[in-house]
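A.B. asks: Take a look at my_file.tsv, TSV, C-alpha atoms:
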```tsv
chain	number	residue	atom	x	y	z
A	6	MET	CA	0.00	0.00	0.00
A	7	ILE	CA	2.98	2.33	0.37
A	8	ILE	CA	3.42	2.98	-3.37
A	9	PRO	CA	-0.28	3.75	-4.11
A	10	ILE	CA	-0.40	6.12	-1.13
A	11	PHE	CA	2.78	7.81	-2.33
A	12	ILE	CA	1.34	8.12	-5.87
A	13	PHE	CA	-1.86	9.66	-4.46
A	14	ILE	CA	0.04	12.21	-2.37
A	15	MET	CA	2.20	13.11	-5.36
A	16	GLY	CA	-1.00	13.62	-7.34
A	17	LEU	CA	-2.24	16.09	-4.73
A	18	ILE	CA	1.04	18.00	-4.85
A	19	PHE	CA	1.13	18.10	-8.65
A	20	GLY	CA	-2.54	19.07	-8.71
A	21	SER	CA	-1.73	22.08	-6.56
A	22	PHE	CA	1.04	23.02	-9.00
A	23	LEU	CA	-1.38	22.65	-11.92
A	24	ASN	CA	-3.64	25.25	-10.33
A	25	VAL	CA	-0.69	27.64	-10.33
A	26	ILE	CA	0.06	26.86	-13.98
A	27	ILE	CA	-3.56	27.36	-15.08
A	28	HIS	CA	-3.80	30.70	-13.26
A	29	ARG	CA	-0.49	32.04	-14.54
A	30	LEU	CA	-1.05	30.90	-18.11
A	31	LYS	CA	-4.10	33.15	-18.15
A	32	HIS	CA	-3.04	36.05	-15.96
A	33	GLY	CA	0.70	36.11	-16.53
A	34	GLY	CA	3.59	35.63	-14.15
A	35	LYS	CA	6.47	33.20	-13.97
A	36	ILE	CA	5.50	29.55	-13.64
A	37	MET	CA	8.57	28.82	-11.55
A	38	ASN	CA	10.49	30.84	-8.95
A	39	SER	CA	7.50	32.94	-8.00
A	40	ARG	CA	5.61	32.81	-4.71
A	41	SER	CA	1.89	32.03	-4.66
A	42	ILE	CA	-0.40	34.90	-3.73
A	43	CYS	CA	-4.08	35.37	-2.99
A	44	PRO	CA	-5.75	36.57	-6.23
A	45	HIS	CA	-7.88	38.97	-4.18
A	46	CYS	CA	-5.65	40.65	-1.59
A	47	LYS	CA	-2.30	39.76	-3.26
A	48	LYS	CA	-0.92	38.56	0.07
A	49	ILE	CA	1.95	36.09	-0.30
A	50	LEU	CA	0.70	32.70	0.87
A	51	LYS	CA	2.69	30.68	3.38
A	52	ALA	CA	3.31	26.94	3.32
A	53	ARG	CA	0.47	26.31	5.76
A	54	ASP	CA	-1.93	27.97	3.29
A	55	LEU	CA	-0.87	25.72	0.42
A	56	ILE	CA	-1.34	22.19	1.75
A	57	PRO	CA	-3.41	20.48	-0.95
A	58	VAL	CA	-7.09	20.05	0.00
A	59	ILE	CA	-6.32	20.21	3.75
A	60	SER	CA	-5.69	23.98	3.78
A	61	PHE	CA	-8.96	24.54	1.92
A	62	ILE	CA	-10.85	22.50	4.52
A	63	ILE	CA	-9.14	24.13	7.51
A	64	LEU	CA	-9.73	27.63	6.13
A	65	ARG	CA	-13.33	26.69	5.21
A	66	GLY	CA	-12.81	27.85	1.67
A	67	ASN	CA	-11.71	31.36	2.60
A	68	CYS	CA	-8.43	33.25	2.35
A	69	ARG	CA	-6.69	33.44	5.73
A	70	TYR	CA	-5.83	37.11	5.20
A	71	CYS	CA	-8.80	38.75	3.44
A	72	SER	CA	-11.54	36.16	4.06
A	73	LYS	CA	-12.53	36.16	0.37
A	74	LYS	CA	-13.81	32.89	-1.03
A	75	ILE	CA	-11.30	30.45	-2.53
A	76	SER	CA	-12.51	28.87	-5.77
A	77	TRP	CA	-13.60	25.23	-5.56
A	78	GLN	CA	-11.38	24.73	-8.61
A	79	TYR	CA	-8.33	24.42	-6.36
A	80	PRO	CA	-9.27	21.42	-4.19
A	81	LEU	CA	-11.12	19.75	-7.08
A	82	VAL	CA	-8.10	19.89	-9.40
A	83	GLU	CA	-5.90	18.58	-6.59
A	84	LEU	CA	-8.22	15.69	-5.80
A	85	VAL	CA	-8.93	14.78	-9.41
A	86	THR	CA	-5.23	14.79	-10.25
A	87	ALA	CA	-4.48	12.55	-7.27
A	88	ILE	CA	-7.26	10.13	-8.22
A	89	LEU	CA	-6.07	10.02	-11.84
A	90	PHE	CA	-2.49	9.41	-10.72
A	91	LEU	CA	-3.69	6.46	-8.66
A	92	LEU	CA	-5.89	5.19	-11.51
A	93	VAL	CA	-2.95	5.28	-13.92
A	94	PHE	CA	-0.81	3.30	-11.51
A	95	LEU	CA	-3.50	0.69	-10.87
A	96	ALA	CA	-4.45	0.37	-14.56
A	97	ILE	CA	-0.93	-0.60	-15.59
A	98	GLY	CA	-0.78	-3.25	-12.91
A	99	THR	CA	2.98	-3.69	-12.94
A	100	ILE	CA	5.94	-1.64	-11.85
A	101	ALA	CA	6.63	-0.48	-15.41
A	102	TRP	CA	7.95	2.90	-14.36
A	103	PRO	CA	8.78	4.41	-17.79
A	104	LEU	CA	5.18	3.76	-18.90
A	105	ILE	CA	3.79	4.99	-15.58
A	106	VAL	CA	5.84	8.20	-15.76
A	107	ARG	CA	4.69	8.86	-19.34
A	108	ASN	CA	1.07	8.36	-18.39
A	109	LEU	CA	1.39	10.56	-15.30
A	110	PHE	CA	2.84	13.29	-17.50
A	111	VAL	CA	-0.11	12.87	-19.87
A	112	VAL	CA	-2.50	13.24	-16.93
A	113	LEU	CA	-0.89	16.58	-16.07
A	114	VAL	CA	-1.29	17.80	-19.65
A	115	LEU	CA	-4.90	16.64	-19.90
A	116	VAL	CA	-5.92	18.23	-16.60
A	117	VAL	CA	-4.48	21.58	-17.74
A	118	VAL	CA	-6.21	21.31	-21.13
A	119	PHE	CA	-9.49	20.22	-19.52
A	120	MET	CA	-9.58	23.11	-17.04
A	121	TYR	CA	-8.18	25.81	-19.30
A	122	ASP	CA	-10.55	25.04	-22.15
A	123	PHE	CA	-13.46	24.68	-19.71
A	124	LEU	CA	-12.72	28.08	-18.17
A	125	TYR	CA	-11.42	30.09	-21.13
A	126	TYR	CA	-12.30	28.12	-24.31
A	127	GLN	CA	-8.68	27.89	-25.42
A	128	ILE	CA	-6.11	25.16	-26.03
A	129	LEU	CA	-2.73	26.83	-25.80
A	130	ASP	CA	0.19	26.08	-28.12
A	131	LYS	CA	2.59	26.69	-25.22
A	132	VAL	CA	1.01	23.63	-23.58
A	133	MET	CA	0.41	21.36	-26.57
A	134	ILE	CA	3.63	21.76	-28.54
A	135	PRO	CA	5.96	20.82	-25.64
A	136	ALA	CA	3.53	18.01	-24.73
A	137	ILE	CA	3.76	16.56	-28.26
A	138	VAL	CA	7.57	16.63	-28.14
A	139	VAL	CA	7.75	15.00	-24.69
A	140	VAL	CA	5.23	12.28	-25.57
A	141	LEU	CA	7.06	11.56	-28.84
A	142	ALA	CA	10.32	11.13	-26.91
A	143	PHE	CA	8.65	8.91	-24.30
A	144	ASN	CA	7.04	6.72	-26.96
A	145	LEU	CA	10.30	6.24	-28.80
A	146	TRP	CA	11.90	5.24	-25.50
A	147	LEU	CA	9.04	2.81	-24.83
A	148	GLY	CA	9.44	1.19	-28.24
A	149	VAL	CA	6.27	2.51	-29.89
A	150	THR	CA	6.76	2.21	-33.67
A	151	TRP	CA	7.16	5.40	-35.66
A	152	GLN	CA	4.62	4.04	-38.16
A	153	SER	CA	1.95	3.85	-35.44
A	154	MET	CA	2.71	7.38	-34.23
A	155	LEU	CA	2.89	8.77	-37.79
A	156	ILE	CA	-0.45	7.29	-38.88
A	157	GLY	CA	-2.06	8.18	-35.56
A	158	GLY	CA	-0.74	11.75	-35.71
A	159	LEU	CA	-1.92	12.24	-39.30
A	160	VAL	CA	-5.37	10.82	-38.54
A	161	GLY	CA	-5.76	13.01	-35.45
A	162	LEU	CA	-4.51	16.13	-37.22
A	163	LEU	CA	-6.46	15.63	-40.46
A	164	PHE	CA	-9.70	14.79	-38.65
A	165	PHE	CA	-9.75	18.22	-37.03
A	166	LEU	CA	-8.10	20.06	-39.92
A	167	ILE	CA	-10.91	19.04	-42.27
A	168	GLN	CA	-13.51	20.35	-39.81
A	169	PHE	CA	-11.54	23.56	-39.34
A	170	LEU	CA	-11.27	24.19	-43.09
A	171	VAL	CA	-14.86	23.25	-43.94
A	172	SER	CA	-16.27	25.48	-41.20
A	173	LYS	CA	-13.64	28.21	-41.67
A	174	GLY	CA	-12.80	27.95	-38.00
A	175	LYS	CA	-16.41	28.16	-36.75
A	176	TRP	CA	-16.78	24.59	-35.49
A	177	ILE	CA	-13.41	24.17	-33.82
A	178	GLY	CA	-10.38	26.30	-32.99
A	179	ASP	CA	-6.84	25.87	-34.26
A	180	GLY	CA	-5.82	24.60	-30.81
A	181	ASP	CA	-7.89	21.49	-31.51
A	182	LEU	CA	-5.58	20.73	-34.44
A	183	ARG	CA	-2.59	20.54	-32.11
A	184	PHE	CA	-4.57	18.44	-29.69
A	185	GLY	CA	-5.50	16.06	-32.50
A	186	LEU	CA	-1.81	15.66	-33.34
A	187	PHE	CA	-1.00	15.13	-29.66
A	188	MET	CA	-3.75	12.53	-29.35
A	189	GLY	CA	-2.56	10.67	-32.44
A	190	VAL	CA	1.11	10.60	-31.43
A	191	LEU	CA	0.22	9.51	-27.91
A	192	LEU	CA	-2.35	6.81	-28.73
A	193	GLY	CA	-1.01	5.69	-32.09
A	194	TRP	CA	-2.95	3.76	-34.70
A	195	PRO	CA	-5.68	2.49	-34.34
A	196	VAL	CA	-6.35	3.58	-30.73
A	197	VAL	CA	-6.56	7.22	-31.87
A	198	LEU	CA	-9.89	6.29	-33.49
A	199	VAL	CA	-11.20	5.17	-30.11
A	200	GLY	CA	-10.07	8.46	-28.58
A	201	ILE	CA	-11.84	10.55	-31.20
A	202	PHE	CA	-15.01	8.44	-31.07
A	203	LEU	CA	-15.23	8.51	-27.27
A	204	SER	CA	-14.53	12.26	-27.12
A	205	TYR	CA	-17.39	13.07	-29.47
A	206	ILE	CA	-19.80	10.67	-27.80
A	207	ILE	CA	-18.98	12.13	-24.38
A	208	GLY	CA	-19.30	15.66	-25.77
A	209	ALA	CA	-22.65	14.89	-27.39
A	210	VAL	CA	-24.12	13.31	-24.25
A	211	ILE	CA	-22.98	16.14	-21.97
A	212	SER	CA	-24.14	18.77	-24.46
A	213	ILE	CA	-27.61	17.23	-24.55
A	214	PHE	CA	-27.86	17.43	-20.77
A	215	LEU	CA	-26.62	21.04	-20.82
A	216	LEU	CA	-29.27	21.93	-23.39
A	217	LEU	CA	-32.03	20.13	-21.50
A	218	GLY	CA	-30.96	21.86	-18.28
A	219	LYS	CA	-30.89	25.19	-20.14
A	220	VAL	CA	-27.29	25.70	-19.09
A	221	LYS	CA	-26.40	26.11	-22.76
A	222	LYS	CA	-28.40	27.22	-25.77
A	223	ALA	CA	-28.29	25.75	-29.28
A	224	GLY	CA	-25.27	27.19	-31.04
A	225	SER	CA	-23.45	28.04	-27.81
A	226	GLN	CA	-19.70	27.53	-27.68
A	227	ILE	CA	-18.68	24.16	-26.26
A	228	PRO	CA	-15.20	23.50	-24.81
A	229	LEU	CA	-14.20	20.63	-27.10
A	230	GLY	CA	-10.79	20.29	-25.44
A	231	THR	CA	-12.54	19.32	-22.22
A	232	PHE	CA	-14.21	16.35	-23.91
A	233	LEU	CA	-11.09	15.47	-25.88
A	234	SER	CA	-9.16	15.25	-22.63
A	235	ILE	CA	-11.61	12.74	-21.19
A	236	GLY	CA	-11.71	10.63	-24.34
A	237	THR	CA	-7.92	10.64	-24.61
A	238	LEU	CA	-7.42	9.52	-21.02
A	239	VAL	CA	-9.95	6.69	-21.28
A	240	SER	CA	-8.37	5.55	-24.55
A	241	LEU	CA	-4.86	5.76	-23.08
A	242	LEU	CA	-5.80	3.41	-20.25
A	243	TYR	CA	-8.38	1.17	-21.90
A	244	GLY	CA	-8.21	1.79	-25.66
A	245	GLU	CA	-6.86	-1.61	-26.59
A	246	VAL	CA	-9.38	-3.31	-24.29
A	247	ILE	CA	-12.18	-1.43	-26.04
A	248	ILE	CA	-10.87	-2.41	-29.49
A	249	ASN	CA	-10.61	-6.08	-28.52
A	250	TRP	CA	-14.12	-5.98	-27.05
A	251	TYR	CA	-15.49	-4.42	-30.23
A	252	LEU	CA	-13.71	-6.89	-32.51
A	253	GLY	CA	-15.11	-9.72	-30.38
A	254	LEU	CA	-18.61	-8.45	-31.11
A	255	ILE	CA	-18.27	-8.27	-34.89
A	256	LEU	CA	-16.06	-11.31	-35.54
```
Starting from the file, give its structure as structure tokens.
C.D. replies:
Amino acid sequence: MIIPIFIFIMGLIFGSFLNVIIHRLKHGGKIMNSRSICPHCKKILKARDLIPVISFIILRGNCRYCSKKISWQYPLVELVTAILFLLVFLAIGTIAWPLIVRNLFVVLVLVVVFMYDFLYYQILDKVMIPAIVVVLAFNLWLGVTWQSMLIGGLVGLLFFLIQFLVSKGKWIGDGDLRFGLFMGVLLGWPVVLVGIFLSYIIGAVISIFLLLGKVKKAGSQIPLGTFLSIGTLVSLLYGEVIINWYLGLIL
């Protein structure tokens, strides 16, 4: 139980760091070598204010210094990241650390994309381009064939490029093109198809509920990157299982 507990705690710590990244990507400031501050009173936060989840509970969701409300985003991102870290570890089932490290890195990228697109309707190149390079390097190290990554990358990129060109950028943004390339390089062929299919199914189902609940109106902007992140993560962990299950149904 020591390793899963350690993985969970590391997920909490990295989740806290992701909150910093998300905030500073939008509002500016150095990602590293810069102290965390309250967004309201600008007071520099101390270590006791930054304990993942626990500080939020102890402070009852308020800043220690100005008593303004702390966004629920912070503990949720921390908890979700920790849970996903643990899920990645358990899904692999062996101590295959290079694969685990790659997948944990992917979790960090997907959480940032999920939250940033959900909040601001953007997928940033400064996130996706380094992520593509790192995943490519990891996959080469892990022995993933260049043919699989090339076909997967082309399928992911072209799928979104066609939509972008046909709609003249109205259906999707150019950030989705980079995410499609990232998805294809990461998942390879043919798992990239599972990722795309799941992402659109998840997006369609959630959109229907948002429309029925009158949270969104027909024609409203939908954060596609949020759904792509979910579909990519599910496909990363269970894509081959899903393909084998499907082939078992039709063969």
A.B. asks: Between atom CA of A:Trp176 and atom CA of A:Asp130, measure the distance and give it in Å to one decimal.
C.D. replies: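 Those two atoms sit 18.6 Å apart.
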A.B. asks: Would you mind reading off the distance between atom CA of A:Leu91 and atom CA of A:Leu198, one decimal, in Å?
C.D. replies: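 A separation of 25.6 Å between them.
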A.B. asks: So which residues touch stretch 49-65 of chain A within 7 Å, counting all atoms listed in the file, skipping near sequence neighbours fewer than 3 positions away, as a list in words?
C.D. replies: Leu17, Ile18, Ser21, Arg40, Ser41, Ile42, Cys43, Cys68, Arg69, Pro80 and Glu83 of chain A
A.B. asks: Out of A:Leu163, A:Val106, A:Ile248, A:Val210, which residue has the shortest atom-to-atom distance to A:Phe143 when counting all atoms listed in the file?
C.D. replies: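 Answer, going by the shortest atom-to-atom distance: A:Val106.
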A.B. asks: Which one of A:Lys175, A:Arg107, A:Lys47, A:His28 sits closest to A:Ser76 if you count all atoms listed in the file?
C.D. replies: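 Using all atoms listed in the file, the shortest distance to A:Ser76 belongs to A:His28.
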A.B. asks: To one decimal place, how far is atom CA of A:Trp250 from atom CA of A:Tyr205 in Å?
C.D. replies: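 Separation of atom CA of A:Trp250 and atom CA of A:Tyr205: 19.5 Å.
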A.B. asks: Would you mind telling me which residue in A:Trp194, A:Phe214, A:Phe164, A:Phe22 lies nearest to A:Leu182 when using all atoms listed in the file?
C.D. replies: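 Residue with the minimum atom-to-atom distance to A:Leu182: A:Phe164.
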A.B. asks: Using all atoms listed in the file, which residues sit within 7 Å of A:Gly200 once same-chain residues fewer than 3 positions away are excluded, as a list of chain:residue names?
C.D. replies: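 Listing them by chain and then by number gives A:Val196, A:Val197, A:Leu203, A:Ser204, A:Gly236, A:Thr237, A:Ser240.
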A.B. asks: Using all atoms listed in the file, which protein or nucleic acid residues come within 7 Å of stretch 117-123 of chain A? Drop anything in the same chain fewer than 3 positions from it, and give the result as a list in words.
C.D. replies: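 The residues satisfying every condition are Leu23, Ile27, Leu113, Val114, Tyr126, Gln127, Ile128, Pro228, Gly230, Thr231 and Ser234 of chain A.
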A.B. asks: Counting all atoms listed in the file, figure out which residue out of A:Val112, A:Val93, A:Val171, A:Val132 gets nearest to A:Leu30.
C.D. replies: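 So, comparing all the options, the nearest one is A:Val132.
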A.B. asks: Which residue is closest to A:Thr150? Choose from A:Ile255, A:Ile97, A:Ile201, A:Leu191 and count all atoms listed in the file.
C.D. replies: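 Smallest distance to A:Thr150 is found for A:Leu191.
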A.B. asks: Which one of A:Cys71, A:Tyr243, A:Val139, A:Leu166 sits closest to A:Val199 if you count all atoms listed in the file?
C.D. replies: A:Tyr243
